[in-house]
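**Student:** Below is the file entry_4.cif, with mmCIF, C-alpha atoms and all ligand atoms.
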data_upload
#
loop_
_atom_site.group_PDB
_atom_site.id
_atom_site.type_symbol
_atom_site.label_atom_id
_atom_site.label_comp_id
_atom_site.auth_asym_id
_atom_site.auth_seq_id
_atom_site.Cartn_x
_atom_site.Cartn_y
_atom_site.Cartn_z
ATOM 1 C CA MET H 1289 137.976 108.470 95.308
ATOM 2 C CA SER H 1290 135.088 106.050 95.614
ATOM 3 C CA GLU H 1291 133.912 104.688 98.948
ATOM 4 C CA GLN H 1292 134.244 101.001 99.776
ATOM 5 C CA ILE H 1293 130.999 99.251 100.758
ATOM 6 C CA ASP H 1294 130.025 95.649 101.467
ATOM 7 C CA ILE H 1295 127.228 95.172 98.924
ATOM 8 C CA LEU H 1296 125.807 97.090 95.982
ATOM 9 C CA ILE H 1297 122.448 96.009 94.563
ATOM 10 C CA ALA H 1298 122.148 97.486 91.078
ATOM 11 C CA HIS H 1299 119.839 97.778 88.067
ATOM 12 C CA ALA H 1300 116.667 97.161 90.069
ATOM 13 C CA HIS H 1301 113.163 98.486 89.791
ATOM 14 C CA LEU H 1302 113.696 100.456 93.005
ATOM 15 C CA PHE H 1303 110.832 101.635 95.206
ATOM 16 C CA THR H 1304 112.181 104.021 97.861
ATOM 17 C CA MET H 1305 108.796 105.173 99.239
ATOM 18 C CA GLN H 1306 110.300 108.651 99.411
ATOM 19 C CA GLY H 1307 109.391 111.716 97.378
ATOM 20 C CA ASP H 1308 106.543 111.549 94.865
ATOM 21 C CA GLY H 1309 104.339 108.445 94.806
ATOM 22 C CA VAL H 1310 106.261 105.296 95.657
ATOM 23 C CA GLY H 1311 109.609 106.905 94.879
ATOM 24 C CA TYR H 1312 110.200 104.722 91.822
ATOM 25 C CA VAL H 1313 113.688 104.659 90.319
ATOM 26 C CA PRO H 1314 113.671 102.674 87.032
ATOM 27 C CA ASP H 1315 117.358 101.656 87.149
ATOM 28 C CA GLY H 1316 117.994 101.847 90.854
ATOM 29 C CA ALA H 1317 120.693 100.757 93.259
ATOM 30 C CA VAL H 1318 121.111 100.264 96.999
ATOM 31 C CA ALA H 1319 124.436 100.542 98.819
ATOM 32 C CA ILE H 1320 124.917 98.493 101.983
ATOM 33 C CA GLU H 1321 127.713 98.816 104.511
ATOM 34 C CA ASP H 1322 127.910 96.819 107.719
ATOM 35 C CA SER H 1323 124.322 95.570 107.309
ATOM 36 C CA ARG H 1324 122.946 99.081 106.935
ATOM 37 C CA ILE H 1325 121.672 100.900 103.841
ATOM 38 C CA VAL H 1326 123.946 103.890 103.280
ATOM 39 C CA ALA H 1327 122.490 105.120 99.990
ATOM 40 C CA ALA H 1328 119.730 104.443 97.460
ATOM 41 C CA GLY H 1329 119.284 106.017 94.043
ATOM 42 C CA PRO H 1330 120.077 105.694 90.342
ATOM 43 C CA THR H 1331 122.575 102.936 89.527
ATOM 44 C CA ALA H 1332 124.788 105.315 87.546
ATOM 45 C CA GLU H 1333 125.042 107.606 90.535
ATOM 46 C CA LEU H 1334 125.860 104.886 93.068
ATOM 47 C CA THR H 1335 128.343 102.997 90.907
ATOM 48 C CA ALA H 1336 130.258 106.258 90.460
ATOM 49 C CA ARG H 1337 130.266 106.863 94.201
ATOM 50 C CA PHE H 1338 130.921 103.356 95.598
ATOM 51 C CA GLN H 1339 133.076 100.338 94.957
ATOM 52 C CA THR H 1340 132.330 96.862 96.268
ATOM 53 C CA ASP H 1341 133.439 93.253 96.106
ATOM 54 C CA GLU H 1342 129.849 92.056 96.049
ATOM 55 C CA LEU H 1343 127.724 93.393 93.239
ATOM 56 C CA ILE H 1344 124.205 91.972 92.960
ATOM 57 C CA ASP H 1345 122.637 92.427 89.541
ATOM 58 C CA ALA H 1346 118.928 92.940 90.259
ATOM 59 C CA SER H 1347 117.865 93.407 86.645
ATOM 60 C CA HIS H 1348 114.153 92.599 86.237
ATOM 61 C CA CYS H 1349 113.762 92.485 90.031
ATOM 62 C CA ALA H 1350 111.918 94.829 92.356
ATOM 63 C CA VAL H 1351 113.750 96.166 95.395
ATOM 64 C CA LEU H 1352 111.563 97.747 98.036
ATOM 65 C CA PRO H 1353 111.368 98.303 101.803
ATOM 66 C CA GLY H 1354 110.291 95.356 103.941
ATOM 67 C CA LEU H 1355 106.564 94.649 104.043
ATOM 68 C CA ILE H 1356 104.484 95.296 107.147
ATOM 69 C CA ASP H 1357 101.951 92.696 108.277
ATOM 70 C CA ALA H 1358 99.680 94.726 110.520
ATOM 71 C CA HIS H 1359 97.784 91.797 112.025
ATOM 72 C CA MET H 1360 99.214 88.344 112.645
ATOM 73 C CA HIS H 1361 98.314 85.621 115.116
ATOM 74 C CA THR H 1362 101.651 83.836 115.050
ATOM 75 C CA THR H 1363 100.734 81.418 117.854
ATOM 76 C CA LEU H 1364 97.768 80.146 115.830
ATOM 77 C CA SER H 1365 99.905 79.332 112.802
ATOM 78 C CA ILE H 1366 100.603 75.927 114.299
ATOM 79 C CA MET H 1367 96.921 75.077 113.754
ATOM 80 C CA ARG H 1368 96.816 76.344 110.184
ATOM 81 C CA GLY H 1369 94.016 74.782 108.157
ATOM 82 C CA VAL H 1370 91.781 73.554 110.967
ATOM 83 C CA ALA H 1371 89.166 76.252 110.461
ATOM 84 C CA GLN H 1372 88.971 76.518 106.693
ATOM 85 C CA ASP H 1373 85.548 76.373 104.999
ATOM 86 C CA VAL H 1374 83.690 75.834 108.279
ATOM 87 C CA SER H 1375 80.640 77.805 109.318
ATOM 88 C CA HIS H 1376 81.058 79.398 112.752
ATOM 89 C CA TRP H 1377 84.740 78.654 112.278
ATOM 90 C CA MET H 1378 85.918 80.430 115.392
ATOM 91 C CA GLN H 1379 83.585 78.696 117.808
ATOM 92 C CA LYS H 1380 83.359 75.257 116.188
ATOM 93 C CA ALA H 1381 86.716 74.759 114.499
ATOM 94 C CA LEU H 1382 89.360 77.003 116.031
ATOM 95 C CA ALA H 1383 88.383 77.144 119.700
ATOM 96 C CA PRO H 1384 88.570 73.394 120.433
ATOM 97 C CA TYR H 1385 92.208 73.380 119.312
ATOM 98 C CA ALA H 1386 93.190 76.792 120.633
ATOM 99 C CA ARG H 1387 92.426 75.827 124.230
ATOM 100 C CA HIS H 1388 95.222 73.207 124.066
ATOM 101 C CA ILE H 1389 97.990 75.545 122.927
ATOM 102 C CA THR H 1390 100.891 75.512 125.393
ATOM 103 C CA PRO H 1391 103.582 78.158 125.875
ATOM 104 C CA GLU H 1392 106.013 75.790 124.125
ATOM 105 C CA SER H 1393 103.788 75.345 121.084
ATOM 106 C CA SER H 1394 103.149 79.092 121.035
ATOM 107 C CA ALA H 1395 106.885 79.748 120.885
ATOM 108 C CA ALA H 1396 107.353 77.200 118.098
ATOM 109 C CA ALA H 1397 104.444 78.674 116.142
ATOM 110 C CA THR H 1398 105.788 82.215 116.423
ATOM 111 C CA ARG H 1399 109.214 81.138 115.182
ATOM 112 C CA LEU H 1400 107.664 79.285 112.239
ATOM 113 C CA ASN H 1401 105.399 82.142 111.266
ATOM 114 C CA VAL H 1402 108.095 84.809 111.484
ATOM 115 C CA VAL H 1403 110.539 82.775 109.389
ATOM 116 C CA GLU H 1404 107.815 82.326 106.767
ATOM 117 C CA ALA H 1405 107.009 86.021 106.873
ATOM 118 C CA LEU H 1406 110.649 87.067 106.522
ATOM 119 C CA LYS H 1407 111.026 84.737 103.551
ATOM 120 C CA ALA H 1408 108.081 86.511 101.922
ATOM 121 C CA GLY H 1409 109.613 89.942 102.540
ATOM 122 C CA THR H 1410 107.766 90.923 105.713
ATOM 123 C CA THR H 1411 110.124 92.614 108.133
ATOM 124 C CA THR H 1412 107.610 94.224 110.505
ATOM 125 C CA HIS H 1413 105.275 91.885 112.359
ATOM 126 C CA GLY H 1414 102.061 93.085 114.002
ATOM 127 C CA ASP H 1415 101.665 90.105 116.287
ATOM 128 C CA TYR H 1416 98.409 89.794 118.213
ATOM 129 C CA GLY H 1417 98.122 87.192 120.952
ATOM 130 C CA SER H 1418 98.192 86.169 124.579
ATOM 131 C CA PRO H 1419 101.620 86.840 126.100
ATOM 132 C CA TYR H 1420 103.718 83.751 126.779
ATOM 133 C CA PRO H 1421 107.225 83.467 128.239
ATOM 134 C CA GLY H 1422 109.767 84.355 125.576
ATOM 135 C CA TRP H 1423 107.419 86.176 123.177
ATOM 136 C CA GLY H 1424 109.129 89.555 123.406
ATOM 137 C CA GLU H 1425 112.571 88.008 123.825
ATOM 138 C CA PHE H 1426 112.209 86.117 120.537
ATOM 139 C CA PHE H 1427 111.564 89.291 118.574
ATOM 140 C CA ALA H 1428 114.340 91.105 120.393
ATOM 141 C CA GLU H 1429 116.843 88.372 119.531
ATOM 142 C CA SER H 1430 115.601 87.701 115.999
ATOM 143 C CA GLY H 1431 116.308 91.182 114.671
ATOM 144 C CA ALA H 1432 112.793 91.395 113.225
ATOM 145 C CA ARG H 1433 110.751 94.531 113.761
ATOM 146 C CA ALA H 1434 107.501 94.017 115.657
ATOM 147 C CA CYS H 1435 104.431 95.686 117.058
ATOM 148 C CA LEU H 1436 103.346 93.255 119.762
ATOM 149 C CA THR H 1437 99.750 93.412 120.949
ATOM 150 C CA PRO H 1438 98.927 91.408 124.074
ATOM 151 C CA ILE H 1439 95.239 90.508 123.968
ATOM 152 C CA PHE H 1440 92.726 90.246 126.772
ATOM 153 C CA ASN H 1441 89.060 89.384 127.097
ATOM 154 C CA ALA H 1442 86.639 88.398 129.849
ATOM 155 C CA LEU H 1443 85.668 84.992 128.493
ATOM 156 C CA PRO H 1444 85.950 82.081 130.948
ATOM 157 C CA ALA H 1445 89.075 79.926 130.888
ATOM 158 C CA GLY H 1446 89.067 77.566 127.915
ATOM 159 C CA GLY H 1447 87.435 80.080 125.625
ATOM 160 C CA MET H 1448 84.342 79.387 123.605
ATOM 161 C CA ALA H 1449 84.918 75.729 122.762
ATOM 162 C CA GLY H 1450 81.701 73.751 123.216
ATOM 163 C CA TRP H 1451 79.466 76.771 123.507
ATOM 164 C CA LYS H 1452 76.219 76.736 121.585
ATOM 165 C CA VAL H 1453 76.340 79.100 118.642
ATOM 166 C CA GLY H 1454 73.988 82.012 119.248
ATOM 167 C CA ASP H 1455 74.068 81.860 123.032
ATOM 168 C CA VAL H 1456 75.211 84.945 124.882
ATOM 169 C CA TYR H 1457 78.832 84.888 125.965
ATOM 170 C CA PRO H 1458 79.352 84.330 129.690
ATOM 171 C CA PHE H 1459 81.981 86.491 131.398
ATOM 172 C CA ASP H 1460 84.480 85.711 134.107
ATOM 173 C CA LEU H 1461 85.255 89.180 135.389
ATOM 174 C CA ASP H 1462 88.127 88.131 137.678
ATOM 175 C CA LYS H 1463 89.858 86.266 134.884
ATOM 176 C CA GLY H 1464 89.221 89.207 132.563
ATOM 177 C CA ARG H 1465 90.821 91.629 134.999
ATOM 178 C CA ARG H 1466 93.894 89.448 135.447
ATOM 179 C CA ALA H 1467 94.237 89.141 131.662
ATOM 180 C CA MET H 1468 93.974 92.895 131.245
ATOM 181 C CA GLU H 1469 96.580 93.522 133.920
ATOM 182 C CA THR H 1470 98.940 91.028 132.280
ATOM 183 C CA ALA H 1471 98.454 92.696 128.915
ATOM 184 C CA VAL H 1472 99.009 96.190 130.297
ATOM 185 C CA ALA H 1473 102.187 95.072 132.076
ATOM 186 C CA PHE H 1474 103.527 93.433 128.903
ATOM 187 C CA ALA H 1475 102.732 96.500 126.801
ATOM 188 C CA ARG H 1476 104.422 98.733 129.364
ATOM 189 C CA ASP H 1477 107.550 96.566 129.630
ATOM 190 C CA TRP H 1478 108.129 96.028 125.905
ATOM 191 C CA ASN H 1479 107.087 99.302 124.318
ATOM 192 C CA GLY H 1480 110.241 100.766 122.776
ATOM 193 C CA ALA H 1481 112.370 97.685 123.537
ATOM 194 C CA ALA H 1482 115.330 96.587 121.382
ATOM 195 C CA ASP H 1483 116.303 100.196 120.651
ATOM 196 C CA GLY H 1484 112.767 100.987 119.518
ATOM 197 C CA ARG H 1485 112.486 98.024 117.142
ATOM 198 C CA ILE H 1486 109.641 96.637 119.268
ATOM 199 C CA THR H 1487 106.533 98.659 120.016
ATOM 200 C CA THR H 1488 103.268 97.610 121.645
ATOM 201 C CA MET H 1489 99.540 98.218 121.567
ATOM 202 C CA LEU H 1490 96.747 97.060 123.860
ATOM 203 C CA GLY H 1491 94.771 94.139 122.444
ATOM 204 C CA VAL H 1492 91.078 94.565 123.136
ATOM 205 C CA HIS H 1493 90.082 91.135 121.825
ATOM 206 C CA GLY H 1494 86.604 92.176 120.734
ATOM 207 C CA PRO H 1495 83.747 94.435 121.818
ATOM 208 C CA ASP H 1496 81.627 91.306 122.320
ATOM 209 C CA MET H 1497 84.184 89.621 124.559
ATOM 210 C CA MET H 1498 84.103 91.918 127.570
ATOM 211 C CA PRO H 1499 81.719 94.157 129.481
ATOM 212 C CA VAL H 1500 81.399 97.723 128.298
ATOM 213 C CA GLU H 1501 83.049 98.862 131.549
ATOM 214 C CA MET H 1502 86.211 97.018 130.566
ATOM 215 C CA LEU H 1503 86.100 98.552 127.097
ATOM 216 C CA LEU H 1504 85.924 102.003 128.614
ATOM 217 C CA GLU H 1505 88.692 101.202 131.086
ATOM 218 C CA SER H 1506 90.864 99.958 128.207
ATOM 219 C CA LYS H 1507 90.323 103.242 126.441
ATOM 220 C CA GLU H 1508 91.292 105.196 129.552
ATOM 221 C CA ILE H 1509 94.436 103.098 130.109
ATOM 222 C CA GLY H 1510 95.441 103.482 126.472
ATOM 223 C CA GLN H 1511 95.084 107.230 126.608
ATOM 224 C CA ARG H 1512 96.929 107.483 129.926
ATOM 225 C CA LYS H 1513 99.847 105.289 128.839
ATOM 226 C CA GLY H 1514 100.030 106.477 125.231
ATOM 227 C CA LEU H 1515 99.143 103.037 123.818
ATOM 228 C CA MET H 1516 96.918 102.507 120.788
ATOM 229 C CA LEU H 1517 94.137 99.946 121.034
ATOM 230 C CA HIS H 1518 94.137 97.093 118.512
ATOM 231 C CA VAL H 1519 90.649 95.594 118.204
ATOM 232 C CA HIS H 1520 88.698 92.952 116.287
ATOM 233 C CA THR H 1521 85.665 94.950 115.266
ATOM 234 C CA ALA H 1522 83.423 93.026 112.877
ATOM 235 C CA ARG H 1523 83.798 89.349 113.596
ATOM 236 C CA GLU H 1524 80.625 88.526 115.421
ATOM 237 C CA THR H 1525 77.173 87.802 114.101
ATOM 238 C CA ALA H 1526 74.283 89.743 115.542
ATOM 239 C CA LYS H 1527 73.329 86.984 117.957
ATOM 240 C CA GLN H 1528 76.836 86.133 119.032
ATOM 241 C CA SER H 1529 77.547 89.761 119.777
ATOM 242 C CA ARG H 1530 75.192 89.800 122.726
ATOM 243 C CA SER H 1531 76.922 89.484 126.025
ATOM 244 C CA SER H 1532 75.847 89.119 129.599
ATOM 245 C CA SER H 1533 77.687 90.017 132.759
ATOM 246 C CA ALA H 1534 77.047 90.795 136.354
ATOM 247 C CA THR H 1535 77.582 94.447 135.692
ATOM 248 C CA ALA H 1536 76.437 95.196 132.178
ATOM 249 C CA SER H 1537 73.235 94.719 130.311
ATOM 250 C CA VAL H 1538 73.082 93.335 126.795
ATOM 251 C CA GLN H 1539 74.312 95.897 124.289
ATOM 252 C CA SER H 1540 74.528 96.024 120.540
ATOM 253 C CA PRO H 1541 77.964 95.619 118.979
ATOM 254 C CA SER H 1542 77.753 99.085 117.457
ATOM 255 C CA SER H 1543 77.206 100.719 120.833
ATOM 256 C CA ARG H 1544 80.112 98.748 122.269
ATOM 257 C CA ARG H 1545 82.350 99.813 119.416
ATOM 258 C CA SER H 1546 81.338 103.433 119.732
ATOM 259 C CA ALA H 1547 82.357 103.268 123.395
ATOM 260 C CA ILE H 1548 86.020 103.216 122.392
ATOM 261 C CA TRP H 1549 86.151 104.563 118.870
ATOM 262 C CA THR H 1550 87.040 108.035 119.939
ATOM 263 C CA THR H 1551 90.491 106.958 121.091
ATOM 264 C CA SER H 1552 93.464 105.947 118.954
ATOM 265 C CA CYS H 1553 92.416 102.604 117.581
ATOM 266 C CA TRP H 1554 93.724 100.033 115.140
ATOM 267 C CA PRO H 1555 90.696 97.972 114.120
ATOM 268 C CA CYS H 1556 91.076 94.488 112.706
ATOM 269 C CA ILE H 1557 87.944 93.375 110.900
HETATM 270 ZN ZN ZN W 1601 92.764 88.702 114.341
#
Would you mind writing the structure in this file as C-alpha cells?

**Tutor:**
Amino acid sequence: MSEQIDILIAHAHLFTMQGDGVGYVPDGAVAIEDSRIVAAGPTAELTARFQTDELIDASHCAVLPGLIDAHMHTTLSIMRGVAQDVSHWMQKALAPYARHITPESSAAATRLNVVEALKAGTTTHGDYGSPYPGWGEFFAESGARACLTPIFNALPAGGMAGWKVGDVYPFDLDKGRRAMETAVAFARDWNGAADGRITTMLGVHGPDMMPVEMLLESKEIGQRKGLMLHVHTARETAKQSRSSSATASVQSPSSRRSAIWTTSCWPCI
C-alpha cells in the first residue's frame, strides 16, 4: 500500500548532490511530507511508493538543493548601486553612505536581501556585518539557514569617509576592542541557535583595518572558541594597506595575512 504524502515533485532534472558527481537523476522526483523531504530518486520509483493530492510536474525543470551564498552584506543592500563604476569605491562612494546606516535601515535591508535571495534559490545566507538588534532573531524567525559573521575593525567611528586615498589608516584601539568584544559575544550567543540552523564565524574585517596584535588575538579567540575567521583578504591597494597604530609599526598586507592564515579561515577576496 502506498504512503500518503503532501507533495510529489516529478519528472525533474534532479540534482541530489549525493553519490557520484552531482547525483544527477534524469527523470527524478522529490517526496515532501509536512514540509520535509522524505525521499528523492527516480520518478518511477517514487510514484510507485507514494500517493499525493498535489503532484507538481517539473518536466524541463531542474530541482536541486538550496544555494549557499557564502558572503553577503545584507545591511548594505539598501545602498545598492551607489558604488558602481567608481574608482576607490569603498572609500569615496560606499563609506559616506555607510556611516548613516541605522539599526532600523539595517533590519530593513537584511529583510529585503534575504527575500531576494530566497526568490533566487538561496537558502543559506553567509551574512557579514556589524551586529544590530534583531539580526539573529530575524534569521531565527524567518526559517532561513544562516552563517552570521559579526565584523570588527579598529577604524575610528564613522569609518573611512572623507579620508584621503593613500593615507595610512588611523586606529582607535578602544573602539576596536569594544567592537571585537561585541562580535565575540554575538558569535558565542548565536552559534548553533535555531536548532543548529544558525552558525557563526568571527569577522576580521580586513588585515589592513586593525593592528597585527588584534589579528593575532582574533586567531587565538577563534581557536579557543572553535570559531572560523571570515576575512576580507585582497581588497586594499598597496598604499591603502599601510596602517599606523600606537602599538604596531607599518606592515605589509602579506605579513598581516600570514599572521592568521594558519588558523581555520574563510577568506573573502
Ligand atoms: Zn565583503

**Student:** Which residue, H:Asp1308, H:Glu1501, H:Glu1342, H:Glu1392, has the smallest gap to Gly1464 in chain H when you use all atoms listed in the file?

**Tutor:**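 Smallest separation from Gly1464 in chain H among the options: H:Glu1501.
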
**Student:** Report the centre and edge lengths, in Å to one decimal, of an axis-aligned box enclosing every atom of range 1414-1418 of chain H listed in the file, padded by 6 Å on each side, as AutoDock Vina command-line options.

**Tutor:**
--center_x 100.1 --center_y 89.6 --center_z 119.3 --size_x 15.9 --size_y 18.9 --size_z 22.6

**Student:** Pick out the residues no farther than 12 Å from ligand ZN 1601 (chain W), counting all atoms listed in the file, and list them as a ChimeraX atom specification.

**Tutor:** /H:1357-1365,1378,1414-1418,1437-1439,1491-1494,1518-1523,1554-1557

**Student:** How many Å separate CA of Cys1349 in chain H from CA of His1299 in chain H?

**Tutor:**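 Distance between the two atoms: 8.3 Å.
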
**Student:** List the spatial neighbours of Pro1330 in chain H as a PyMOL selection string - criterion: any atom at most 8 Å away, all atoms listed in the file, same-chain residues fewer than 3 positions off excluded.

**Tutor:** chain H and resi 1313-1317+1333-1334

**Student:** From the set H:Ala1350, H:Thr1412, H:Asp1341, H:Ser1323, which residue has the shortest atom-to-atom contact distance to Ala1300 in chain H, counting all atoms listed in the file?

**Tutor:**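 Smallest distance to Ala1300 in chain H is found for H:Ala1350.
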
**Student:** I'd like to see the residues matched by the PyMOL selection byres (((chain H and resi 1430) around 12) and not hetatm) on this file, and ideally I'd get them as a PyMOL selection string.

**Tutor:** chain H and resi 1398-1399+1402-1403+1406+1411-1413+1422-1429+1431-1434+1482+1485-1486

**Student:** List as a JSON list (two decimals) with C-alpha atoms, in the coordinates of the input the protein and nucleic acid residues near Val1351 in chain H, meaning an atom at most 7 Å away when only C-alpha atoms are counted, but skip any in the same chain fewer than 6 places from it.

**Tutor:**
[["chain", "number", "residue", "atom", "x", "y", "z"],
["H", 1300, "ALA", "CA", 116.67, 97.16, 90.07],
["H", 1301, "HIS", "CA", 113.16, 98.49, 89.79],
["H", 1302, "LEU", "CA", 113.70, 100.46, 93.00],
["H", 1303, "PHE", "CA", 110.83, 101.64, 95.21]]

**Student:** Using only C-alpha atoms, determine which residues lie at most 12 Å from His1388 in chain H, disregarding the query and same-chain residues fewer than 4 positions distant; provide the list as a tab-separated table (two decimals) with C-alpha atoms, in the coordinates of the input.

**Tutor:**
chain	number	residue	atom	x	y	z
H	1363	THR	CA	100.73	81.42	117.85
H	1364	LEU	CA	97.77	80.15	115.83
H	1366	ILE	CA	100.60	75.93	114.30
H	1367	MET	CA	96.92	75.08	113.75
H	1382	LEU	CA	89.36	77.00	116.03
H	1383	ALA	CA	88.38	77.14	119.70
H	1384	PRO	CA	88.57	73.39	120.43
H	1392	GLU	CA	106.01	75.79	124.12
H	1393	SER	CA	103.79	75.34	121.08
H	1394	SER	CA	103.15	79.09	121.04
H	1445	ALA	CA	89.08	79.93	130.89
H	1446	GLY	CA	89.07	77.57	127.92
H	1447	GLY	CA	87.44	80.08	125.62
H	1449	ALA	CA	84.92	75.73	122.76

**Student:** Of the candidates H:Ile1293, H:Val1318, H:Ala1327, H:Met1489, which one gets nearest to Cys1435 in chain H if we count all atoms listed in the file?

**Tutor:**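 Closest candidate: H:Met1489.
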